[in-house]
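See below for the structure under consideration.
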Amino acid sequence: MATATTLSFTHRYEPATGRPPLLLLHGTGGDEDDLLPLGRMIAPGSALLSPRGKVLEHGMPRFFRRLAEGVFDEADVVKQANALADFVTEARDAYGLAAPVAVGFSNGANIAAAVLLLRPEALAGAVLIRAMVPLAKPPKADLSGKPVLILSGASDPIIPAENAGRLARQLTEAGAVVGHETLPTGHGLTQADAALAKRFLDGLTA
């Protein structure tokens, strides 16, 4: 495992070859180590790139500011999504990577969705676990053929089912190939999420 802080985000990088690399994006209060075990589980043989969010909320790292639970600072969403996309470009040059598939949880899934809509060239696809609409009026984006899996929780107290469904429609209307699964769970990560994510990622290399 390599740790690097010379690029624009503090991050972890685990090299590998043979499968599309993953961009691992943690939830609120996580860090660059949080999703590495998940990445190894769902995509053995993939390089893993895992940055730490730069925004602090009561000392907890996030990828963008929010004004309240479920209420995003959309100007900051745009700013931070562009910064993350720039980091992906830096990391691809530094490590010789193809465009990664984002795997994001909660706040990390929301910034991944924003990157898809604002800078679609940065990502080859995405697994969005407990994602919400990041931008009320997203820009017109061309996601033609990009594979996206959204995993929602039926009893998630944070994300209304309508909101997750609206995100799926936004991405579909932009041309992405979207699968949306709602699991009988709340907001936390489960083994079912890992199994569905692995099946999705395996399908990209079949």
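We label chains A, B, ... in the order they appear in the structure tokens, count residues from 1 in each chain, and number ligands from 1 in the order shown.
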
>> DSSP on the backbone: which residues in segment 95-156 of chain A end up as strand (DSSP E or B)? Give the answer as a PyMOL selection string.
In response: chain A and resi 101-105+125-129+147-153

>> Need to verify the contact set: His187 of chain A, 12 Å, only C-alpha atoms, exclusion of same-chain residues closer than 6 positions in sequence. Can you return it as a ChimeraX atom specification?
In response: /A:27,105-107,129-132,151-161,193

>> So that I can see what lies close to Ala114 of chain A, please list as an NGL selection string the residues with an atom at most 8 Å from it, counting only C-alpha atoms and leaving out residues fewer than 5 positions away in the same chain.
In response: :A and (77-78 or 81 or 119 or 134-135)

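Residue neighbourhood of Leu97 of chain A, excluding near-sequence residues (fewer than 3 positions): Pro20, Pro21, Ala47, Ala91, Arg92, Asp93, Ala94 and Pro100 of chain A, at 9 Å, using only C-alpha atoms.
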
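By only C-alpha atoms, and with residues fewer than 5 positions from Ala141 of chain A along its chain excluded, the set lying at most 9 Å from it is Leu116, Leu117, Leu118, Arg119, Pro120, Leu171, Ala174 and Gly175 of chain A.
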
> Could you write out, as a PyMOL selection string, all the residues of segment 27-206 of chain A that DSSP marks as helix (DSSP H, G or I)?
Replying inline: chain A and resi 36-42+74-95+107-118+120-122+161-173+191-205

>> Report as an MDAnalysis selection string all protein, DNA and RNA residues lying within 10 Å of Pro15 of chain A, evaluated on only C-alpha atoms, omitting residues in the same chain fewer than 5 positions from it.
In response: chainID A and resid 1:2 21 45:49 95:97

Could you give me, as a compact mmCIF listing (two decimals) with C-alpha atoms, in the first residue's frame, the residues within 9 Å of Leu84 of chain A, counting only C-alpha atoms and dropping anything in the same chain fewer than 6 positions from it?
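Produced file selection.txt, reproduced below:
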# COMPACT_ATOMS: atom_id res chain seq x y z
CA SER A 8 -4.25 17.53 -4.22
CA PHE A 9 -6.01 15.09 -1.84
CA PRO A 51 -9.01 10.05 -1.10
CA GLY A 53 -12.65 14.48 1.90
CA PHE A 63 -16.48 15.78 0.45
CA ILE A 111 -20.04 13.57 -4.56
CA ALA A 112 -19.60 10.71 -7.06
CA VAL A 115 -18.83 14.27 -10.55

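Distances from A:Leu22, A:Gly125, A:Gly145, A:Gly39 to Ala194 of chain A were compared using only C-alpha atoms, and the smallest one belongs to A:Gly39.
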
> atom CA of Leu183 of chain A to atom CA of Leu196 of chain A: how many Å, to one decimal?
Replying inline: 10.2 Å

> From the list A:Ala75, A:Val177, A:Ala192, A:Ala99, which residue is nearest Lys137 of chain A when using only C-alpha atoms?
Replying inline: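 Using only C-alpha atoms, the shortest distance to Lys137 of chain A belongs to A:Ala75.
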